[in-house]
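Shown here: start-v7.cif, mmCIF, C-alpha atoms and all ligand atoms.
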```cif
data_data
#
loop_
_atom_site.label_atom_id
_atom_site.label_comp_id
_atom_site.auth_asym_id
_atom_site.auth_seq_id
_atom_site.Cartn_x
_atom_site.Cartn_y
_atom_site.Cartn_z
CA MET A 1 -16.12 -7.52 -15.35
CA PRO A 2 -12.38 -7.02 -16.03
CA TYR A 3 -10.27 -5.73 -13.21
CA ILE A 4 -9.20 -2.11 -13.41
CA TYR A 5 -5.70 -1.19 -12.30
CA LEU A 6 -4.34 2.22 -11.48
CA VAL A 7 -0.59 2.18 -11.83
CA VAL A 8 1.32 5.14 -10.49
CA ILE A 9 4.57 3.80 -11.70
CA ILE A 10 5.56 5.02 -15.05
CA CYS A 11 8.98 6.39 -16.09
CA SER A 12 11.43 3.86 -17.36
CA ILE A 13 10.06 0.71 -15.78
CA VAL A 14 8.37 -1.93 -17.88
CA MET A 15 6.02 -3.25 -15.21
CA SER A 16 2.81 -2.12 -16.92
CA GLU A 17 3.94 -3.66 -20.20
CA ASP A 18 4.66 -6.94 -18.42
CA MET A 19 1.22 -6.84 -16.82
CA VAL A 20 -0.37 -6.62 -20.27
CA LYS A 21 1.69 -9.65 -21.32
CA ASP A 22 0.27 -11.41 -18.27
CA GLY A 23 -3.26 -10.70 -19.46
CA TYR A 24 -4.34 -7.59 -17.58
CA VAL A 25 -6.60 -5.60 -19.84
CA ASP A 26 -7.26 -2.18 -18.35
CA ILE A 27 -4.31 -0.36 -16.83
CA MET A 28 -4.35 3.35 -16.13
CA ASN A 29 -0.88 4.83 -15.61
CA ILE A 30 -0.44 8.22 -14.04
CA ASP A 31 2.44 10.54 -13.32
CA ILE A 32 2.68 14.22 -12.45
CA SER A 33 5.23 14.83 -15.19
CA SER A 34 3.67 15.65 -18.57
CA VAL A 35 7.02 14.93 -20.24
CA VAL A 36 7.09 11.41 -18.84
CA VAL A 37 3.43 10.82 -19.67
CA GLU A 38 3.87 11.92 -23.30
CA MET A 39 7.00 9.82 -23.67
CA MET A 40 5.28 6.70 -22.35
CA ARG A 41 2.09 7.35 -24.31
CA LYS A 42 4.13 7.44 -27.52
CA LYS A 43 6.24 4.45 -26.57
CA TYR A 44 3.19 2.28 -25.88
CA ALA A 45 0.80 3.70 -28.49
CA HIS A 46 0.53 0.17 -29.93
CA VAL A 47 -0.67 -1.28 -26.59
CA PRO A 48 -4.35 -0.31 -26.17
CA GLN A 49 -4.58 -1.82 -22.68
CA LEU A 50 -2.24 0.88 -21.36
CA LYS A 51 -3.68 4.33 -20.80
CA TYR A 52 -1.73 7.34 -19.60
CA MET A 53 -2.79 10.51 -17.80
CA GLN A 54 -0.89 13.34 -16.26
CA MET A 55 -2.16 13.66 -12.71
CA ASP A 56 -1.11 14.50 -9.18
CA VAL A 57 -1.62 11.51 -6.87
CA ARG A 58 -2.62 13.93 -4.12
CA ASP A 59 -5.73 14.92 -6.05
CA MET A 60 -7.21 12.28 -8.33
CA ASN A 61 -10.76 13.61 -8.27
CA PHE A 62 -10.99 12.85 -11.99
CA PHE A 63 -11.72 9.28 -10.89
CA GLN A 64 -14.84 8.20 -9.03
CA ASP A 65 -14.85 6.63 -5.57
CA GLU A 66 -14.23 2.87 -5.52
CA SER A 67 -13.51 2.69 -9.23
CA PHE A 68 -10.29 0.62 -9.06
CA ASP A 69 -9.52 -2.93 -8.02
CA CYS A 70 -5.84 -2.35 -7.48
CA VAL A 71 -3.39 0.51 -7.16
CA ILE A 72 0.29 -0.24 -7.71
CA ASP A 73 2.85 2.30 -6.57
CA LYS A 74 6.55 1.86 -7.22
CA GLY A 75 8.50 4.82 -5.97
CA THR A 76 5.79 7.49 -6.07
CA LEU A 77 5.12 7.57 -2.34
CA ASP A 78 8.89 7.44 -1.83
CA SER A 79 9.19 10.44 -4.11
CA LEU A 80 6.62 12.38 -2.04
CA MET A 81 8.52 11.46 1.11
CA CYS A 82 11.51 13.35 -0.28
CA GLY A 83 9.57 16.48 -1.20
CA THR A 84 8.38 19.50 0.72
CA ASP A 85 5.42 19.02 3.05
CA ALA A 86 6.10 15.28 2.92
CA PRO A 87 3.71 14.19 5.71
CA LEU A 88 0.83 16.18 4.22
CA SER A 89 1.52 14.97 0.67
CA VAL A 90 1.75 11.34 1.73
CA SER A 91 -1.43 11.64 3.75
CA GLN A 92 -3.28 13.18 0.79
CA MET A 93 -2.04 10.46 -1.55
CA LEU A 94 -3.07 7.64 0.79
CA GLU A 95 -6.48 9.21 1.33
CA GLU A 96 -6.97 9.31 -2.43
CA VAL A 97 -5.77 5.72 -2.92
CA ASN A 98 -8.17 4.58 -0.21
CA ARG A 99 -11.03 6.50 -1.84
CA LEU A 100 -10.38 5.05 -5.30
CA LEU A 101 -10.21 1.41 -4.22
CA ARG A 102 -13.30 -0.72 -3.99
CA PRO A 103 -13.69 -2.52 -0.63
CA GLY A 104 -11.38 -5.52 -0.76
CA GLY A 105 -9.20 -3.79 -3.35
CA ILE A 106 -5.42 -3.85 -3.08
CA TYR A 107 -2.88 -1.07 -2.72
CA MET A 108 0.56 -2.49 -3.53
CA LEU A 109 3.27 -0.20 -2.24
CA ILE A 110 6.74 -0.97 -3.57
CA THR A 111 9.21 1.10 -1.61
CA TYR A 112 12.62 1.38 0.02
CA GLY A 113 10.95 2.31 3.31
CA ASP A 114 10.99 -0.27 6.11
CA PRO A 115 7.93 -0.69 8.35
CA SER A 116 9.16 1.78 10.96
CA VAL A 117 8.85 4.59 8.41
CA ARG A 118 5.93 3.37 6.30
CA ILE A 119 3.45 1.72 8.67
CA PRO A 120 2.77 4.96 10.60
CA HIS A 121 1.68 6.55 7.31
CA LEU A 122 -0.37 3.56 6.14
CA ASN A 123 -1.97 3.58 9.55
CA GLN A 124 -3.35 7.09 9.20
CA ALA A 125 -6.87 7.90 10.33
CA GLY A 126 -9.50 7.07 7.76
CA CYS A 127 -7.66 4.07 6.29
CA ASN A 128 -8.23 0.50 7.39
CA TRP A 129 -5.76 -1.83 5.66
CA LYS A 130 -4.92 -5.44 6.23
CA ILE A 131 -1.23 -5.45 5.42
CA VAL A 132 1.05 -8.26 4.33
CA LEU A 133 4.74 -7.47 3.91
CA TYR A 134 7.23 -9.04 1.52
CA ILE A 135 10.90 -8.15 1.36
CA ILE A 136 12.56 -8.69 -2.01
CA PRO A 137 16.35 -8.47 -2.43
CA ARG A 138 17.68 -6.69 -5.50
CA PRO A 139 18.00 -8.87 -8.61
CA GLY A 140 21.23 -10.88 -8.56
CA PHE A 141 21.74 -10.59 -4.82
CA GLU A 142 23.25 -13.80 -3.51
CA SER A 143 22.30 -14.85 -0.02
CA ARG A 144 25.21 -15.93 2.15
CA VAL A 145 22.85 -18.30 3.90
CA GLY A 146 22.62 -20.41 0.75
CA CYS A 147 19.63 -21.30 -1.38
CA SER A 148 18.51 -24.36 0.54
CA SER A 149 17.99 -22.63 3.86
CA ALA A 150 17.20 -19.14 2.61
CA LYS A 151 13.59 -18.15 3.08
CA SER A 152 11.53 -17.83 -0.05
CA ILE A 153 10.99 -14.24 -1.07
CA MET A 154 7.36 -15.20 -1.60
CA GLU A 155 7.02 -15.84 2.12
CA PRO A 156 5.46 -12.89 3.95
CA VAL A 157 7.45 -11.30 6.73
CA PRO A 158 5.40 -11.16 9.92
CA LEU A 159 4.93 -7.81 11.59
CA THR A 160 4.64 -7.23 15.29
CA GLU A 161 1.44 -5.90 16.82
CA ARG A 162 2.93 -2.42 16.54
CA GLY A 163 3.63 -2.92 12.84
CA LEU A 164 7.39 -3.39 13.17
CA LEU A 165 9.78 -6.07 11.95
CA PRO A 166 10.20 -8.86 14.52
CA ALA A 167 13.04 -8.47 17.03
CA GLY A 168 16.23 -9.99 15.65
CA PHE A 169 15.09 -9.80 12.05
CA VAL A 170 18.17 -9.69 9.80
CA LEU A 171 17.92 -7.87 6.48
CA GLU A 172 20.46 -9.62 4.28
CA ASP A 173 20.40 -7.18 1.38
CA PRO A 174 20.28 -3.54 2.58
CA ASP A 175 18.99 -2.54 -0.88
CA SER A 176 15.93 -4.75 -0.64
CA HIS A 177 12.53 -3.54 -1.76
CA TYR A 178 9.70 -3.66 0.75
CA ILE A 179 6.38 -4.63 -0.77
CA TYR A 180 3.33 -3.82 1.31
CA VAL A 181 0.23 -5.55 0.02
CA CYS A 182 -2.56 -3.55 1.64
CA LYS A 183 -6.12 -4.81 1.39
CA LYS A 184 -8.84 -2.23 1.88
CA MET A 185 -11.08 -3.51 4.63
CA HIS A 186 -14.71 -2.63 5.18
CA GLY A 187 -15.41 0.22 7.55
CA SER A 188 -12.52 2.31 6.27
CA PHE A 189 -13.51 5.35 8.23
CA GLY A 190 -13.21 5.01 11.97
CA GLY A 191 -13.08 1.20 11.88
CA ALA A 192 -12.20 -0.80 14.97
CA PRO A 193 -8.59 -1.89 15.52
CA GLN A 194 -7.77 -5.23 13.90
CA ILE A 195 -5.88 -8.11 15.46
CA PRO A 196 -2.69 -9.19 13.67
CA ASN A 197 -2.88 -12.59 12.01
CA GLN A 198 -0.34 -15.21 11.10
CA VAL A 199 0.39 -14.01 7.62
CA GLY A 200 1.06 -10.37 8.18
CA ALA A 201 -0.49 -7.76 10.36
CA THR A 202 -3.64 -5.80 10.20
CA ILE A 203 -3.35 -2.20 11.08
CA ALA A 204 -4.85 -0.69 14.17
CA GLN A 205 -6.47 2.72 13.84
C1 LIG A 301 11.22 7.47 -8.12
S1 LIG A 301 10.29 7.78 -9.58
C2 LIG A 301 9.64 6.19 -9.80
C3 LIG A 301 9.66 5.85 -11.21
C4 LIG A 301 9.19 4.46 -11.58
N1 LIG A 301 8.04 4.07 -10.84
C5 LIG A 301 10.29 3.46 -11.40
O1 LIG A 301 10.23 2.65 -10.49
O2 LIG A 301 11.22 3.49 -12.19
C6 LIG A 301 8.95 8.70 -8.92
C7 LIG A 301 7.91 9.15 -9.96
O3 LIG A 301 6.87 9.78 -9.20
C8 LIG A 301 6.41 10.88 -9.97
N2 LIG A 301 5.74 11.79 -9.03
C9 LIG A 301 6.30 12.56 -8.07
N3 LIG A 301 5.37 13.26 -7.41
C10 LIG A 301 4.17 12.91 -7.96
C11 LIG A 301 2.83 13.31 -7.71
N4 LIG A 301 2.53 14.20 -6.76
N5 LIG A 301 1.86 12.76 -8.46
C12 LIG A 301 2.15 11.84 -9.43
N6 LIG A 301 3.41 11.44 -9.72
C13 LIG A 301 4.41 11.97 -8.98
C14 LIG A 301 7.66 11.45 -10.61
O4 LIG A 301 7.35 12.26 -11.72
C15 LIG A 301 8.41 10.17 -10.96
O5 LIG A 301 8.08 9.75 -12.27
#
```
Could you write out this structure as structure tokens?
Amino acid sequence: MPYIYLVVIICSIVMSEDMVKDGYVDIMNIDISSVVVEMMRKKYAHVPQLKYMQMDVRDMNFFQDESFDCVIDKGTLDSLMCGTDAPLSVSQMLEEVNRLLRPGGIYMLITYGDPSVRIPHLNQAGCNWKIVLYIIPRPGFESRVGCSSAKSIMEPVPLTERGLLPAGFVLEDPDSHYIYVCKKMHGSFGGAPQIPNQVGATIAQ
């Protein structure tokens, strides 16, 4: 069965289009703005793999439980963080994302928020994620360390047991994106705390 992706990332970015070029066949894009949705629907009318719906991420009851393999969010959670009732909105969104993902499914959060301000939200009651963090500098950023010794951006950044960056971690580009790859673990509701592993950190309830 083909994988089903929910992408809450429309607007001007071309990520969904690139995913189609990479062979993904069923991509649902949502945004709360009907203007944006209409614009994108028209722009990509010739790409049948891309579907668009106007929807609030805090209430996606249109979709059934466990109906998506992956949810990709670039900037939507960040946007909620800037709005009124931010903690409630973020909690509602994450609850919905967790509900929509099949067990083992992935929530990819692309954000400007470092672990100290994102992990506490991801760690909310009812969610049980295994999280791996990547930190990606902005395109064109040149590391002063030099290419040979610079760490690959594809290398996960380990988190401490408390879900923080390791002591002494130096963020070279302050405009980096943080990418949290969150795998939905079994026993999402009231699951036992998980022990961090080498690659990233699992999140304790
Ligand atoms: C910072 S923009 C990100 C745009 C795009 N992902 C990008 O990277 O260029 C945030 C988007 O979130 C949408 N948004 C804000 N609140 C929302 C909500 N409750 N439900 C769905 N979309 C929302 C806005 O309409 C906007 O398109």
(Q) Can you pull out the residues contacting Leu165 (chain A)? Cut-off 12 Å, using all atoms listed in the file, and skip same-chain residues under 3 positions away; I want them as an MDAnalysis selection string. (A) chainID A and resid 114:119 132:135 156:162 168:171 178 200:201
Q) A:Asn61, A:Gln92, A:Ser79, A:Gln49: which is nearest ligand LIG 301 (chain A), counting all atoms listed in the file? A) A:Ser79
Q.
Using all atoms listed in the file for the distances, tell me which of A:Glu142, A:Glu155, A:Glu172, A:Asp69 is nearest to Asp26 (chain A).
A.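 Using all atoms listed in the file, the shortest distance to Asp26 (chain A) belongs to A:Asp69.
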Q. How far is it from CA of Lys51 (chain A) to CA of Met28 (chain A), in Å with one decimal?
A. 4.8 Å
Q: Excluding Ile30 (chain A) and any residue of its chain fewer than 5 positions from it, enumerate the residues within 6 Å of it, using only C-alpha atoms, and give them as a ChimeraX atom specification.
A: /A:8,52-55
Q | Interatomic distance (Å, one decimal) between CA of Lys184 (chain A) and CA of Pro103 (chain A) | A | 5.5 Å
Q: Enumerate as number ranges by chain the residues within 10 Å of ligand LIG 301 (chain A), counting all atoms listed in the file.
A: A: 7-15, 29-37, 53-60, 72-83, 89-90, 92-93, 110-111
Q.
Would you compute the distance between CA of Leu109 (chain A) and CA of Tyr180 (chain A)? Give it in Å to one decimal.
A. 5.1 Å
Q | Given all atoms listed in the file as the counted atoms, nearest of A:Phe62, A:His121, A:Gly113, A:Ile106 to Leu94 (chain A) | A |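 With all atoms listed in the file as the atom set, the closest residue is A:His121.
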Q | Proximity to Val97 (chain A) - best of A:Cys127, A:Pro120, A:Pro166, A:Thr84, only C-alpha atoms | A |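 Using only C-alpha atoms, the shortest distance to Val97 (chain A) belongs to A:Cys127.
Among the candidates A:Met108, A:Met39, A:Met154, A:Leu88, the one nearest to Val71 (chain A) when counting only C-alpha atoms is A:Met108.
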Emit as AutoDock Vina command-line options the padded axis-aligned box for all listed atoms of region 15-24 of chain A, 4 Å per side, with centre and edge lengths in Å to one decimal.
```
--center_x 0.8 --center_y -6.8 --center_z -18.3 --size_x 18.4 --size_y 17.3 --size_z 14.1
```
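Among A:Met40, A:Leu164, A:Ala45, A:Leu50, the residue with the shortest atom-to-atom distance to Ile131 (chain A), counting only C-alpha atoms, is A:Leu164.
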